[in-house]
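Structure file upload_32.txt (compact mmCIF, C-alpha atoms) is printed below.
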# COMPACT_ATOMS: atom_id res chain seq x y z
CA MET P 1 -41.78 94.03 3.30
CA TYR P 2 -45.26 92.61 2.86
CA GLN P 3 -47.93 95.23 3.44
CA SER P 4 -51.47 93.86 3.32
CA ALA P 5 -53.81 90.85 3.39
CA GLY P 6 -53.27 88.34 0.60
CA LEU P 7 -49.66 89.11 1.31
CA ALA P 8 -47.85 86.56 -0.80
CA GLU P 9 -50.00 87.08 -3.90
CA ALA P 10 -47.96 90.16 -4.77
CA GLU P 11 -44.67 88.32 -4.48
CA GLU P 12 -43.46 86.85 -7.75
CA ASP P 13 -41.55 84.04 -6.05
CA TRP P 14 -44.63 82.56 -4.33
CA THR P 15 -47.42 80.51 -5.95
CA LEU P 16 -50.77 79.77 -4.33
CA VAL P 17 -51.07 75.96 -4.18
CA TRP P 18 -53.93 75.36 -1.72
CA GLN P 19 -56.69 77.44 -0.16
CA ASP P 20 -60.04 77.41 1.55
CA GLU P 21 -62.16 80.58 1.43
CA PHE P 22 -65.03 78.88 3.36
CA GLU P 23 -67.64 80.11 0.89
CA GLU P 24 -69.59 76.83 0.71
CA ASP P 25 -72.54 75.92 2.93
CA GLU P 26 -70.53 73.28 4.78
CA ILE P 27 -66.94 72.35 5.53
CA ASP P 28 -65.07 70.89 2.57
CA PHE P 29 -64.24 67.38 3.77
CA THR P 30 -61.80 66.85 0.89
CA LYS P 31 -59.66 69.44 2.68
CA TRP P 32 -60.46 69.03 6.36
CA ALA P 33 -61.25 66.35 8.91
CA VAL P 34 -63.21 67.28 12.03
CA GLU P 35 -61.70 65.81 15.19
CA GLU P 36 -63.66 64.46 18.13
CA ASN P 37 -61.87 63.92 21.42
CA GLY P 38 -61.87 64.96 25.05
CA HIS P 39 -58.30 64.09 25.96
CA GLY P 40 -57.23 67.59 26.96
CA GLY P 41 -54.43 67.84 24.40
CA GLY P 42 -51.77 66.97 26.97
CA ASN P 43 -52.30 70.46 28.45
CA GLU P 44 -55.14 69.81 30.92
CA GLU P 45 -57.61 71.53 28.58
CA LEU P 46 -61.25 71.43 29.58
CA GLN P 47 -63.12 71.11 26.27
CA TYR P 48 -64.56 68.18 24.36
CA TYR P 49 -64.06 68.64 20.61
CA LEU P 50 -67.27 67.63 18.83
CA ASP P 51 -68.29 67.15 15.20
CA ARG P 52 -71.49 69.18 15.17
CA SER P 53 -72.63 72.49 13.72
CA GLU P 54 -72.91 74.15 17.13
CA ASN P 55 -69.12 73.90 17.43
CA ILE P 56 -67.80 74.02 13.88
CA ARG P 57 -69.46 75.28 10.71
CA THR P 58 -69.24 77.66 7.77
CA GLU P 59 -71.29 80.83 7.98
CA ASN P 60 -71.39 83.97 5.81
CA GLY P 61 -68.17 83.05 4.03
CA HIS P 62 -66.29 82.24 7.24
CA LEU P 63 -65.28 79.21 9.24
CA VAL P 64 -66.72 79.47 12.76
CA ILE P 65 -65.17 77.48 15.60
CA GLU P 66 -67.39 77.99 18.62
CA ALA P 67 -66.91 77.01 22.26
CA HIS P 68 -69.84 76.52 24.64
CA ARG P 69 -70.10 76.20 28.39
CA GLU P 70 -72.14 72.98 28.71
CA ARG P 71 -71.81 69.58 30.32
CA ILE P 72 -70.69 66.93 27.82
CA ASN P 73 -70.57 63.20 28.59
CA VAL P 74 -69.21 60.97 25.83
CA ALA P 75 -68.55 57.33 26.76
CA GLY P 76 -67.93 58.35 30.35
CA VAL P 77 -65.59 61.24 29.53
CA VAL P 78 -67.19 64.28 31.15
CA LYS P 79 -66.29 67.85 30.22
CA GLU P 80 -67.85 71.20 31.11
CA TYR P 81 -67.13 72.80 27.72
CA SER P 82 -67.45 71.89 24.05
CA SER P 83 -65.51 73.29 21.09
CA GLY P 84 -64.21 72.47 17.60
CA ARG P 85 -60.98 71.39 15.94
CA ILE P 86 -60.21 70.62 12.29
CA ARG P 87 -57.08 69.42 10.53
CA THR P 88 -55.78 68.54 7.07
CA LYS P 89 -54.10 65.30 8.19
CA ARG P 90 -54.19 62.54 5.52
CA ARG P 91 -55.63 65.07 3.10
CA HIS P 92 -52.98 67.75 2.60
CA ALA P 93 -49.52 68.23 4.10
CA TRP P 94 -46.53 70.32 3.09
CA THR P 95 -42.78 70.52 3.57
CA TYR P 96 -41.82 74.23 3.42
CA GLY P 97 -43.94 77.09 2.17
CA ARG P 98 -45.88 80.13 3.27
CA PHE P 99 -49.01 79.60 5.36
CA GLU P 100 -51.54 82.40 5.84
CA VAL P 101 -54.70 82.60 7.92
CA ARG P 102 -56.98 85.63 8.21
CA ALA P 103 -58.94 85.41 11.43
CA LYS P 104 -60.54 87.02 14.46
CA LEU P 105 -59.51 85.49 17.78
CA PRO P 106 -61.89 85.43 20.77
CA ARG P 107 -61.47 87.42 23.93
CA GLY P 108 -62.03 85.98 27.41
CA GLN P 109 -60.13 84.39 30.27
CA GLY P 110 -59.29 80.75 29.53
CA LEU P 111 -59.87 80.89 25.75
CA TRP P 112 -56.99 79.52 23.66
CA PRO P 113 -57.32 79.89 19.87
CA ALA P 114 -54.57 78.31 17.77
CA VAL P 115 -53.44 77.80 14.19
CA TRP P 116 -50.62 75.27 14.13
CA MET P 117 -48.99 72.29 12.42
CA LEU P 118 -47.98 68.77 13.37
CA PRO P 119 -45.95 66.21 11.39
CA GLU P 120 -47.90 63.91 9.10
CA ASP P 121 -45.90 61.02 10.57
CA ASN P 122 -43.74 61.04 13.68
CA ARG P 123 -40.62 60.31 11.69
CA TYR P 124 -38.25 61.24 14.53
CA GLY P 125 -40.26 59.93 17.48
CA GLY P 126 -43.01 61.16 19.79
CA TRP P 127 -43.72 64.75 20.73
CA ALA P 128 -41.71 66.91 20.41
CA ALA P 129 -38.83 65.01 18.75
CA SER P 130 -40.74 65.17 15.44
CA GLY P 131 -41.59 68.85 15.92
CA GLU P 132 -44.55 71.20 16.22
CA ILE P 133 -45.04 74.54 14.44
CA ASP P 134 -47.36 77.11 16.03
CA ILE P 135 -48.31 79.76 13.47
CA VAL P 136 -50.32 81.78 15.97
CA GLU P 137 -51.69 81.24 19.46
CA ALA P 138 -53.35 83.70 21.81
CA LYS P 139 -54.48 83.92 25.42
CA GLY P 140 -58.03 85.18 25.58
CA ASN P 141 -57.27 87.39 28.58
CA ASP P 142 -54.77 89.37 26.47
CA SER P 143 -56.29 89.66 23.01
CA ARG P 144 -53.70 92.15 21.77
CA THR P 145 -50.77 89.74 22.19
CA ILE P 146 -50.04 86.82 19.88
CA HIS P 147 -47.45 84.06 20.15
CA GLY P 148 -45.45 82.15 17.51
CA SER P 149 -43.58 79.02 18.60
CA LEU P 150 -41.59 75.96 17.62
CA HIS P 151 -41.37 72.75 19.66
CA PHE P 152 -38.46 70.39 19.01
CA GLY P 153 -35.57 68.55 20.67
CA GLY P 154 -36.31 65.29 22.45
CA GLU P 155 -39.45 63.42 23.38
CA TRP P 156 -41.30 64.78 26.39
CA PRO P 157 -40.05 65.65 28.99
CA LYS P 158 -36.81 66.39 27.14
CA ASN P 159 -38.57 68.66 24.67
CA GLU P 160 -37.52 72.24 23.98
CA HIS P 161 -39.27 75.25 22.50
CA ASN P 162 -38.70 78.71 21.08
CA THR P 163 -41.48 81.29 21.47
CA LYS P 164 -41.89 84.95 20.59
CA ALA P 165 -44.75 87.14 21.82
CA TYR P 166 -45.82 90.21 19.86
CA ARG P 167 -48.23 92.93 21.00
CA LEU P 168 -50.51 94.50 18.40
CA GLU P 169 -51.99 98.00 18.47
CA THR P 170 -55.46 96.59 17.81
CA ASP P 171 -57.48 93.89 19.54
CA THR P 172 -57.49 90.55 17.69
CA SER P 173 -61.12 90.02 18.72
CA LYS P 174 -62.32 93.29 17.16
CA ALA P 175 -60.91 92.98 13.63
CA PHE P 176 -59.49 90.39 11.25
CA HIS P 177 -55.72 90.03 11.17
CA THR P 178 -53.57 88.05 8.77
CA PHE P 179 -51.22 85.64 10.52
CA ALA P 180 -48.50 84.06 8.39
CA LEU P 181 -45.51 81.77 8.63
CA GLU P 182 -42.73 81.24 6.11
CA TRP P 183 -40.87 77.95 6.45
CA SER P 184 -37.70 77.23 4.51
CA PRO P 185 -34.94 74.64 5.05
CA GLU P 186 -32.81 77.32 6.74
CA GLU P 187 -35.24 79.50 8.68
CA ILE P 188 -38.81 79.93 9.93
CA ARG P 189 -40.37 83.43 10.06
CA TRP P 190 -43.58 84.65 11.71
CA TYR P 191 -45.69 87.55 10.40
CA VAL P 192 -48.78 89.48 11.40
CA ASP P 193 -50.41 91.87 8.92
CA GLY P 194 -47.26 91.86 6.82
CA VAL P 195 -44.82 92.58 9.65
CA VAL P 196 -42.21 89.94 10.45
CA TYR P 197 -41.92 89.75 14.24
CA HIS P 198 -39.80 86.64 14.74
CA ARG P 199 -37.16 84.54 12.97
CA PHE P 200 -35.60 81.31 14.15
CA ARG P 201 -33.18 78.73 12.77
CA GLY P 202 -31.66 76.98 15.78
CA TRP P 203 -33.92 73.92 15.97
CA HIS P 204 -32.80 70.28 16.28
CA SER P 205 -34.06 66.80 17.04
CA SER P 206 -32.60 64.22 19.38
CA ALA P 207 -33.20 61.58 16.70
CA ALA P 208 -31.40 63.24 13.76
CA GLY P 209 -29.23 66.17 12.82
CA TYR P 210 -30.31 69.59 11.54
CA PRO P 211 -32.58 70.37 9.67
CA ALA P 212 -34.61 67.65 11.43
CA PRO P 213 -37.33 67.66 12.57
CA PHE P 214 -38.56 70.44 10.24
CA ASP P 215 -37.68 68.66 7.00
CA GLN P 216 -40.81 66.48 6.71
CA PRO P 217 -44.49 67.02 5.75
CA PHE P 218 -46.66 68.83 8.31
CA HIS P 219 -50.45 69.28 8.26
CA LEU P 220 -52.54 72.24 9.45
CA ILE P 221 -54.74 72.37 12.56
CA LEU P 222 -57.26 75.05 13.59
CA ASN P 223 -58.90 74.88 17.00
CA LEU P 224 -60.29 76.79 19.95
CA ALA P 225 -59.26 75.25 23.26
CA VAL P 226 -60.78 76.10 26.63
CA GLY P 227 -58.57 76.18 29.72
CA GLY P 228 -55.25 74.44 30.11
CA ARG P 229 -51.76 75.42 31.10
CA PHE P 230 -51.17 78.06 28.43
CA GLY P 231 -53.66 80.71 29.52
CA GLY P 232 -55.42 79.26 32.54
CA ASN P 233 -59.05 78.28 32.98
CA PRO P 234 -62.20 80.31 32.32
CA ASP P 235 -63.87 82.31 35.07
CA SER P 236 -67.37 83.66 35.63
CA ARG P 237 -66.71 86.59 33.28
CA THR P 238 -65.60 84.51 30.28
CA PRO P 239 -68.20 85.03 27.53
CA PHE P 240 -69.80 81.95 25.98
CA PRO P 241 -70.42 81.04 23.29
CA ALA P 242 -66.94 82.14 22.21
CA ARG P 243 -66.01 82.21 18.53
CA MET P 244 -62.82 81.96 16.52
CA ILE P 245 -63.77 83.24 13.04
CA VAL P 246 -61.57 82.38 10.05
CA ASP P 247 -61.97 84.26 6.77
CA TRP P 248 -59.55 82.13 4.76
CA VAL P 249 -56.55 79.80 4.83
CA ARG P 250 -53.96 79.92 2.02
CA VAL P 251 -50.79 77.96 1.35
CA TYR P 252 -48.07 79.15 -1.02
CA GLN P 253 -44.94 77.51 -2.26
CA GLN P 254 -41.80 79.08 -3.57
CA ASN P 255 -41.24 78.97 -7.30
CA GLN P 256 -38.34 76.97 -8.73
CA ASP P 257 -37.17 75.69 -5.37
CA PRO P 258 -36.12 72.03 -5.54
CA ASP P 259 -36.39 71.74 -1.74
CA VAL P 260 -40.07 72.61 -1.71
CA LYS P 261 -42.30 69.56 -1.59
CA GLU P 262 -46.03 69.07 -1.19
CA VAL P 263 -47.87 65.94 -0.15
CA GLU P 264 -51.58 66.25 -0.81
CA LYS P 265 -54.73 64.16 -1.06
CA ILE P 266 -53.17 61.42 1.00
CA SER P 267 -55.40 58.40 1.36
CA ARG P 268 -55.72 56.90 4.81

What does this structure look like when you write it as structure tokens?
Amino acid sequence: MYQSAGLAEAEEDWTLVWQDEFEEDEIDFTKWAVEENGHGGGNEELQYYLDRSENIRTENGHLVIEAHRERINVAGVVKEYSSGRIRTKRRHAWTYGRFEVRAKLPRGQGLWPAVWMLPEDNRYGGWAASGEIDIVEAKGNDSRTIHGSLHFGGEWPKNEHNTKAYRLETDTSKAFHTFALEWSPEEIRWYVDGVVYHRFRGWHSSAAGYPAPFDQPFHLILNLAVGGRFGGNPDSRTPFPARMIVDWVRVYQQNQDPDVKEVEKISR
């Protein structure tokens, strides 16, 4: 079993193929795109994602995604919170591999940090027929519990999901933890600090047979949402600014596996 941070480095069958240690003075835009939108993510979220240093930046060797309680009005879209969201779409995407993120997750009612993946192209149709992979999500009002999920099946509202919650002994807001996911053609596994807490292989898509939809390139997304249906909305005690702090992101691929494919540096 894996035992520590940098988990896959000790495993001879995994090779590091992509990483960001966030050691530069600004975000590496060859790796990430910063999203701007206030659409609520389909979950009635309350934040507006903005491309500005108050919400997303590198600092002391970390990526900081920071949510603020403030009134935002962009082209008539009014929100009471701002936050940040970055993704590797059209830059790097992978089919299968091991994905690791070392991070602190914020504590507070209505905070919703997430590290997840969406398909580079909706090959099998709209959400969730083409799939979604959630490496880790947390509800800010329970910062010792994490969630790993898959979304699949048909397009909404005929979508399905599989989710596993895992309670840690330590608070995810007090110390860094390493969250990892291993994705192979046969199975997807979720880890925290080297412990596998969930395995799943029963996915499907209404548009194609197994192993669809998880047989196509997916890109990474890191964000801090505020409010929404997952963990509820903030209250007067929710601390702002709230920060999701990421130490590093690393992607590994399995050696000598003909099924492993990487799509990177994709031009728009």

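For the choices P:Ser236, P:Ser130, P:Thr58, P:Asn43, the atom-to-atom distance to Gly154 of chain P is smallest for P:Ser130 when using all atoms listed in the file.
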
Distance criterion (all atoms listed in the file): nearest to Pro106 of chain P out of P:Ala180, P:Ile245, P:Val77, P:Ala129 =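 Closest residue, counting all atoms listed in the file: P:Ile245.
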
note = Expressed in Å, the length from atom CA of His161 of chain P to atom CA of Ala67 of chain P is 27.7 Å

query = Looking at all atoms listed in the file, which of P:Asp13, P:Asp28, P:Asp121, P:Glu54 is the one that sits closest to Pro217 of chain P?
reply = P:Asp121

task = Report the distance between atom CA of Ser143 of chain P and atom CA of Glu100 of chain P in Å, rounded to one decimal place.
result =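 Interatomic distance, atom CA of Ser143 of chain P to atom CA of Glu100 of chain P: 19.2 Å.
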
query = Using only C-alpha atoms, which of P:Tyr210, P:Trp94, P:Trp183, P:Trp18 sits nearest Pro119 of chain P?
reply =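 Result for the nearest residue to Pro119 of chain P: P:Trp94.
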
Near Asn141 of chain P, counting all atoms listed in the file, which residues have an atom at most 9 Å away, once you skip same-chain residues fewer than 4 positions from it, shown as an mmCIF file with C-alpha atoms, in the coordinates of the input?
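The file below, around.cif, is the result:
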data_model
loop_
_atom_site.group_PDB
_atom_site.id
_atom_site.type_symbol
_atom_site.label_atom_id
_atom_site.label_comp_id
_atom_site.auth_asym_id
_atom_site.auth_seq_id
_atom_site.Cartn_x
_atom_site.Cartn_y
_atom_site.Cartn_z
ATOM 1 C CA ARG P 107 -61.470 87.420 23.930
ATOM 2 C CA GLY P 108 -62.030 85.980 27.410
ATOM 3 C CA GLN P 109 -60.130 84.390 30.270
ATOM 4 C CA GLY P 110 -59.290 80.750 29.530
ATOM 5 C CA LEU P 111 -59.870 80.890 25.750
ATOM 6 C CA GLY P 231 -53.660 80.710 29.520
ATOM 7 C CA THR P 238 -65.600 84.510 30.280
#

request  = Using only C-alpha atoms, pick whichever of P:Tyr49, P:Tyr96, P:Tyr124, P:Trp14 has the shortest atom-to-atom distance to His219 of chain P.
outcome  = P:Tyr96
